[in-house]
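A short worksheet on the structure shown next.
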Amino acid sequence: MTHKIISCFTIPLCLFLFLCPFVHMYPFSYTSQLDYNFYDRSCPRLSMIVRYNIWAALKNDTRMAASLLRMHFHDCIVNGCDGSVLLDDTDDFKGEKNAPANHNSLRGFEVIDSVKADVEKFCPSTVSCADILTLAAREAVVLAGGPFWPVPLGRRDATTASVKAVNEQIPSPFEPLANITAKFTSKGLDIKDVVVLSGGHTLGFAQCFTFKRRLFNFDGLGNPDPTLDSSALSSLRRICPKKDEANSNVAPLDSTNVKFDNTYYTNLVQNTGLLESDQALVNDPNTAAMVNSYSGNPFLFNNDFAASMVKLGNVGVLTGENGQIRKKCGSVN
């Protein structure tokens, strides 16, 4: 007798809402200003609307899982999870979208806009863009094979954004690990969260300019990064040749880059990590043991990733009368 495997990318919506992956609701901690049941009465279909839209987006473009997860991180790490990353520039402020760390890099704004439009049909002026983005990141990870985590809700949207804040607060792949850790701890996160959330690089791609120094001129004398595996070096040089027009070429962040798993950590242990900031995790005595643990224990990584995502989603939230509920995510009301 044969058994047919059910795929979340092939089933109709009516079955999707019941058969796609869920796990037990672990008792993660969260700020008391948020509530798991916040929209139960005002927008009871919210989770289903978000889930279906993200399923459709990933079916169309498997890279979108990484894009939505990255957008959520870039939102939260800059002045908190307030949807400010979604705002277009105005005459009053230059926002986050076109900051160097985000311009021609962040993807998926149209997906969040589509979710918001559907939510507005059922629950007008009720659900924040910040909550939609937080839920979208969770659904993207689950659909890519990663863990589920409960998302407390009730965030409100910022009414402004700051390119200066992006430049100061987003960790750079060129920064020393100590600097990156300091940026995390300034948000109430810790060094474990640095290691765990870096594991989000199990999904997606990076542009060549973010790691090209490792390939051709790591020491300023024209030599590659000596910690980079030689076969990985040869492969990456083919993707990213030593010419400026190749800077926007992309390479996978790990060898299974559309599937959420612990291969990212295995790659680090094997010295095939892509970004300098990633490979630094296995070379630092404060983080190496965690990298080794996650490389050999995917269950541990999934559990810790879920817990760190709850922490990330609580950073700098606006609640109560602060902020607003935007009608469109790209502009204030």
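Convention: chains lettered A, B, ... in structure tokens order; per-chain residue numbering from 1; ligands numbered from 1 as shown.
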
Surrounding residues of segment 44-54 of chain A excluding itself and chain neighbours under 2 positions, 9 Å, only C-alpha atoms, as a PyMOL selection string: chain A and resi 13+16-17+39-42+56-59+64-65+111-112+114-116+118-119+122-123+127+132+135-137+139-140+143

Please write the residues from the selection above to a file, keeping N, CA, C and O atoms, as a CSV table (one decimal), in the first residue's frame.
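Contents of result10.csv, as written:
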chain,number,residue,atom,x,y,z
A,13,LEU,N,-7.5,25.7,-0.3
A,13,LEU,CA,-7.7,26.5,0.9
A,13,LEU,C,-8.5,25.8,2.0
A,13,LEU,O,-8.1,25.9,3.1
A,16,PHE,N,-6.3,23.4,3.5
A,16,PHE,CA,-5.1,24.1,4.0
A,16,PHE,C,-5.2,24.6,5.4
A,16,PHE,O,-4.3,24.4,6.3
A,17,LEU,N,-6.4,25.1,5.8
A,17,LEU,CA,-6.6,25.7,7.1
A,17,LEU,C,-6.5,24.7,8.2
A,17,LEU,O,-6.3,25.1,9.4
A,39,TYR,N,-7.4,39.7,19.0
A,39,TYR,CA,-8.3,39.9,17.9
A,39,TYR,C,-9.4,38.9,17.8
A,39,TYR,O,-10.1,38.8,16.8
A,40,ASP,N,-9.5,38.1,18.9
A,40,ASP,CA,-10.5,37.0,18.8
A,40,ASP,C,-11.9,37.4,18.5
A,40,ASP,O,-12.7,36.8,17.7
A,41,ARG,N,-12.3,38.6,19.0
A,41,ARG,CA,-13.7,39.1,18.7
A,41,ARG,C,-13.7,40.1,17.6
A,41,ARG,O,-14.6,40.1,16.7
A,42,SER,N,-12.6,40.9,17.5
A,42,SER,CA,-12.6,42.0,16.5
A,42,SER,C,-12.2,41.5,15.1
A,42,SER,O,-12.6,42.1,14.1
A,56,ALA,N,0.2,31.3,-0.4
A,56,ALA,CA,0.1,31.7,-1.8
A,56,ALA,C,1.4,32.4,-2.3
A,56,ALA,O,1.9,32.1,-3.4
A,57,ALA,N,1.9,33.2,-1.4
A,57,ALA,CA,3.1,34.0,-1.8
A,57,ALA,C,4.3,33.0,-1.9
A,57,ALA,O,5.1,33.1,-2.9
A,58,LEU,N,4.4,32.0,-1.0
A,58,LEU,CA,5.6,31.1,-1.1
A,58,LEU,C,5.4,30.1,-2.2
A,58,LEU,O,6.4,29.6,-2.8
A,59,LYS,N,4.1,29.8,-2.6
A,59,LYS,CA,3.9,28.9,-3.7
A,59,LYS,C,4.4,29.6,-5.0
A,59,LYS,O,4.9,28.9,-5.9
A,64,MET,N,10.4,33.9,-0.8
A,64,MET,CA,9.7,34.9,0.0
A,64,MET,C,9.7,34.5,1.5
A,64,MET,O,9.6,35.4,2.3
A,65,ALA,N,9.9,33.3,1.9
A,65,ALA,CA,10.0,32.9,3.3
A,65,ALA,C,11.2,33.7,3.9
A,65,ALA,O,11.0,34.3,5.0
A,111,VAL,N,3.6,41.6,-0.6
A,111,VAL,CA,2.9,40.5,0.1
A,111,VAL,C,2.2,41.0,1.3
A,111,VAL,O,1.0,40.7,1.6
A,112,ILE,N,2.9,41.9,2.1
A,112,ILE,CA,2.3,42.5,3.3
A,112,ILE,C,1.1,43.4,2.9
A,112,ILE,O,0.1,43.4,3.5
A,114,SER,N,-0.8,43.0,0.3
A,114,SER,CA,-1.9,42.1,-0.1
A,114,SER,C,-2.6,41.5,1.1
A,114,SER,O,-3.9,41.5,1.2
A,115,VAL,N,-1.9,41.1,2.1
A,115,VAL,CA,-2.5,40.6,3.4
A,115,VAL,C,-3.3,41.7,4.0
A,115,VAL,O,-4.4,41.5,4.4
A,116,LYS,N,-2.7,42.9,4.1
A,116,LYS,CA,-3.4,44.0,4.7
A,116,LYS,C,-4.7,44.3,4.0
A,116,LYS,O,-5.8,44.6,4.7
A,118,ASP,N,-6.6,42.3,2.3
A,118,ASP,CA,-7.6,41.3,2.6
A,118,ASP,C,-8.1,41.4,4.1
A,118,ASP,O,-9.3,41.3,4.3
A,119,VAL,N,-7.2,41.7,5.0
A,119,VAL,CA,-7.7,41.9,6.4
A,119,VAL,C,-8.6,43.1,6.5
A,119,VAL,O,-9.6,43.0,7.2
A,122,PHE,N,-12.3,42.3,5.9
A,122,PHE,CA,-13.1,41.7,6.9
A,122,PHE,C,-13.1,42.4,8.2
A,122,PHE,O,-14.0,42.4,9.0
A,123,CYS,N,-12.0,43.2,8.5
A,123,CYS,CA,-11.8,43.8,9.8
A,123,CYS,C,-11.2,45.2,9.6
A,123,CYS,O,-10.1,45.5,9.8
A,127,VAL,N,-6.6,45.8,12.5
A,127,VAL,CA,-5.3,45.1,12.7
A,127,VAL,C,-4.2,45.9,12.2
A,127,VAL,O,-4.2,46.4,11.1
A,132,ILE,N,0.5,42.2,11.5
A,132,ILE,CA,0.5,41.4,10.2
A,132,ILE,C,1.9,40.9,9.8
A,132,ILE,O,2.1,39.8,9.5
A,135,LEU,N,3.0,38.1,12.2
A,135,LEU,CA,2.3,36.9,11.9
A,135,LEU,C,2.9,36.3,10.6
A,135,LEU,O,3.1,35.1,10.4
A,136,ALA,N,3.1,37.2,9.6
A,136,ALA,CA,3.6,36.7,8.3
A,136,ALA,C,5.0,36.0,8.4
A,136,ALA,O,5.2,35.0,7.8
A,137,ALA,N,5.8,36.6,9.3
A,137,ALA,CA,7.2,36.0,9.4
A,137,ALA,C,7.0,34.6,10.1
A,137,ALA,O,7.7,33.6,9.6
A,139,GLU,N,4.4,32.5,9.8
A,139,GLU,CA,3.8,31.6,8.8
A,139,GLU,C,4.8,31.2,7.8
A,139,GLU,O,4.9,30.1,7.3
A,140,ALA,N,5.7,32.2,7.4
A,140,ALA,CA,6.7,31.9,6.4
A,140,ALA,C,7.7,30.8,6.9
A,140,ALA,O,8.1,29.9,6.2
A,143,LEU,N,5.9,27.4,7.0
A,143,LEU,CA,5.7,26.8,5.7
A,143,LEU,C,7.0,26.4,5.0
A,143,LEU,O,7.0,25.5,4.1

Check your understanding: Among segment 133-215 of chain A, which residues carry a DSSP assignment of helix (DSSP H, G or I), reported as a PyMOL selection string?
Key -> chain A and resi 133-143+163-169+177-185+191-202+208-210+212-215

Go ahead and save the residues from that selection, with C-alpha atoms, as a short mmCIF file (atom, residue, chain, number, x, y, z; two decimals), in the first residue's frame.
data_model
loop_
_atom_site.label_atom_id
_atom_site.label_comp_id
_atom_site.auth_asym_id
_atom_site.auth_seq_id
_atom_site.Cartn_x
_atom_site.Cartn_y
_atom_site.Cartn_z
CA LEU A 133 4.24 41.42 9.57
CA THR A 134 4.91 39.51 12.79
CA LEU A 135 2.35 36.85 11.89
CA ALA A 136 3.59 36.71 8.30
CA ALA A 137 7.16 35.96 9.45
CA ARG A 138 5.90 33.12 11.64
CA GLU A 139 3.80 31.60 8.84
CA ALA A 140 6.72 31.89 6.39
CA VAL A 141 9.01 29.96 8.72
CA VAL A 142 6.40 27.26 9.37
CA LEU A 143 5.70 26.80 5.67
CA VAL A 163 16.94 56.22 7.97
CA LYS A 164 19.38 57.37 10.66
CA ALA A 165 18.03 54.73 13.04
CA VAL A 166 18.57 52.03 10.43
CA ASN A 167 22.16 53.09 9.86
CA GLU A 168 22.86 53.04 13.59
CA GLN A 169 20.89 49.99 14.75
CA LEU A 177 30.68 40.01 16.67
CA ALA A 178 31.07 42.22 19.75
CA ASN A 179 29.41 45.13 17.93
CA ILE A 180 26.57 42.95 16.69
CA THR A 181 26.02 41.56 20.17
CA ALA A 182 25.90 45.09 21.60
CA LYS A 183 23.15 46.01 19.15
CA PHE A 184 21.15 42.97 20.24
CA THR A 185 21.60 43.62 23.94
CA ILE A 191 24.23 36.64 22.91
CA LYS A 192 22.20 33.42 22.69
CA ASP A 193 19.64 35.32 20.62
CA VAL A 194 22.48 36.46 18.34
CA VAL A 195 23.42 32.84 17.64
CA VAL A 196 19.84 31.59 17.38
CA LEU A 197 18.41 34.36 15.22
CA SER A 198 21.46 34.22 12.95
CA GLY A 199 20.14 30.74 12.21
CA GLY A 200 17.45 32.48 10.18
CA HIS A 201 20.16 32.53 7.52
CA THR A 202 19.19 28.93 6.89
CA CYS A 208 27.97 39.30 -3.41
CA PHE A 209 29.02 42.67 -2.03
CA THR A 210 28.16 41.45 1.48
CA LYS A 212 33.15 39.60 -1.51
CA ARG A 213 35.94 40.79 0.79
CA ARG A 214 36.28 37.21 2.05
CA LEU A 215 36.91 35.97 -1.48
#

Q.
Env of segment 297-309 of chain A: 7 Å cut, atoms = only C-alpha atoms, seq-sep filter 6 positions within chain, self excluded. Answer as a VMD selection string.
A. chain A and resid 28 146 to 149 193 196 to 197 261 to 262

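Here atom CA of Glu175 of chain A and atom CA of Ser231 of chain A stand 25.0 Å from one another.
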
message: Quick one: residues within 12 Å of Val78 of chain A, only C-alpha atoms, excluding same-chain residues fewer than 6 positions away - as a ChimeraX atom specification?
response: /A:71-72,84-85,95-97,99,101-102,158,161-171,183-184,186-187,312-313,315-317

Pairwise distance, atom CA of Gly222 of chain A with atom CA of Ser234 of chain A, equals 15.3 Å

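Counting only C-alpha atoms and comparing A:Asp284, A:Asp229, A:Asp190, A:Asp131, the residue that lies closest to Tyr36 of chain A is A:Asp131.
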
Give me, as a tab-separated table, each residue of segment 53-119 of chain A that comes within 9 Å of segment 247-260 of chain A, together with its shortest interatomic pair and the distance in Å at one decimal, counting only C-alpha atoms, with rows ordered by chain and rising residue number.
residue	atom	partner	partner_atom	distance
A:Thr62	CA	A:Val258	CA	6.4
A:Arg63	CA	A:Val258	CA	6.6
A:Ala65	CA	A:Val258	CA	7.8
A:Ala66	CA	A:Val258	CA	7.9

Residues just named, written with all heavy atoms as an mmCIF file, in the first residue's frame:
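Listing of part_6.cif after writing:
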data_model
loop_
_atom_site.group_PDB
_atom_site.id
_atom_site.type_symbol
_atom_site.label_atom_id
_atom_site.label_comp_id
_atom_site.auth_asym_id
_atom_site.auth_seq_id
_atom_site.Cartn_x
_atom_site.Cartn_y
_atom_site.Cartn_z
ATOM 1 N N THR A 62 9.486 30.766 -3.640
ATOM 2 C CA THR A 62 9.971 30.122 -2.411
ATOM 3 C C THR A 62 10.944 31.008 -1.636
ATOM 4 O O THR A 62 11.117 30.823 -0.434
ATOM 5 C CB THR A 62 10.658 28.776 -2.729
ATOM 6 O OG1 THR A 62 11.682 28.994 -3.707
ATOM 7 C CG2 THR A 62 9.657 27.780 -3.279
ATOM 8 N N ARG A 63 11.572 31.978 -2.322
ATOM 9 C CA ARG A 63 12.483 32.890 -1.623
ATOM 10 C C ARG A 63 11.746 33.804 -0.644
ATOM 11 O O ARG A 63 12.371 34.419 0.233
ATOM 12 C CB ARG A 63 13.228 33.765 -2.628
ATOM 13 C CG ARG A 63 14.331 33.062 -3.404
ATOM 14 C CD ARG A 63 15.036 34.036 -4.351
ATOM 15 N NE ARG A 63 15.660 35.143 -3.640
ATOM 16 C CZ ARG A 63 16.173 36.214 -4.237
ATOM 17 N NH1 ARG A 63 16.106 36.333 -5.546
ATOM 18 N NH2 ARG A 63 16.736 37.171 -3.516
ATOM 19 N N ALA A 65 9.906 33.280 1.860
ATOM 20 C CA ALA A 65 10.005 32.925 3.282
ATOM 21 C C ALA A 65 11.156 33.686 3.937
ATOM 22 O O ALA A 65 10.992 34.303 4.997
ATOM 23 C CB ALA A 65 10.191 31.423 3.449
ATOM 24 N N ALA A 66 12.319 33.634 3.297
ATOM 25 C CA ALA A 66 13.479 34.359 3.820
ATOM 26 C C ALA A 66 13.228 35.861 3.834
ATOM 27 O O ALA A 66 13.608 36.562 4.784
ATOM 28 C CB ALA A 66 14.717 34.037 2.992
#

task = Looking only at strand (DSSP E) from DSSP on the backbone, list the matching residues of segment 53-293 of chain A as a list of chain:residue names.
result = A:Phe205, A:Ala206, A:Gln207, A:Val250, A:Ala251, A:Pro252

Students should find that atom CA of Pro124 of chain A and atom CA of Lys328 of chain A are spaced 10.7 Å

For Ala130 of chain A, please output as a PDB file with N, CA and C atoms, in the first residue's frame all residues within 7 Å (counting only C-alpha atoms; exclusion window: fewer than 4 positions along the same chain).
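Resulting contents of out34.pdb:
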ATOM      1  N   CYS A  81       9.235  46.623  17.015  1.00  0.00           N
ATOM      2  CA  CYS A  81       8.318  46.000  16.055  1.00  0.00           C
ATOM      3  C   CYS A  81       7.088  46.887  15.878  1.00  0.00           C
ATOM      4  N   ASP A  82       7.237  47.904  15.049  1.00  0.00           N
ATOM      5  CA  ASP A  82       6.183  48.914  14.917  1.00  0.00           C
ATOM      6  C   ASP A  82       5.762  49.148  13.473  1.00  0.00           C
ATOM      7  N   GLY A  83       6.181  48.289  12.558  1.00  0.00           N
ATOM      8  CA  GLY A  83       5.813  48.423  11.162  1.00  0.00           C
ATOM      9  C   GLY A  83       6.438  49.608  10.457  1.00  0.00           C
ATOM     10  N   THR A 134       4.457  40.494  11.807  1.00  0.00           N
ATOM     11  CA  THR A 134       4.907  39.511  12.795  1.00  0.00           C
ATOM     12  C   THR A 134       4.301  38.146  12.527  1.00  0.00           C
ATOM     13  N   ARG A 155       0.056  44.920  18.814  1.00  0.00           N
ATOM     14  CA  ARG A 155       0.996  45.978  18.435  1.00  0.00           C
ATOM     15  C   ARG A 155       0.261  47.062  17.648  1.00  0.00           C
ATOM     16  N   ARG A 156       0.761  48.280  17.744  1.00  0.00           N
ATOM     17  CA  ARG A 156       0.249  49.370  16.933  1.00  0.00           C
ATOM     18  C   ARG A 156       1.361  49.888  16.034  1.00  0.00           C
ATOM     19  N   ASP A 157       0.975  50.661  15.028  1.00  0.00           N
ATOM     20  CA  ASP A 157       1.914  51.085  13.999  1.00  0.00           C
ATOM     21  C   ASP A 157       2.537  52.444  14.292  1.00  0.00           C
TER      22      ASP A 157
END

From the list A:Asn314, A:Gln270, A:Asn79, A:Ser331, which residue is nearest Pro152 of chain A when using only C-alpha atoms?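 Among A:Asn314, A:Gln270, A:Asn79, A:Ser331, it is A:Asn314 that comes nearest to Pro152 of chain A.
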
With distances taken over only C-alpha atoms, the candidate from A:Gln33, A:Asn217, A:Thr227, A:Thr263 nearest Asn283 of chain A is A:Thr227

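Closest approach to Thr90 of chain A among A:Val332, A:Leu318, A:Leu268, A:Ala117: A:Val332, based on only C-alpha atoms.
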
Residue with the minimum atom-to-atom distance to Leu275 of chain A, picked from A:Ser128, A:Asn104, A:Thr160, A:Ser172 with only C-alpha atoms counted, is A:Ser172
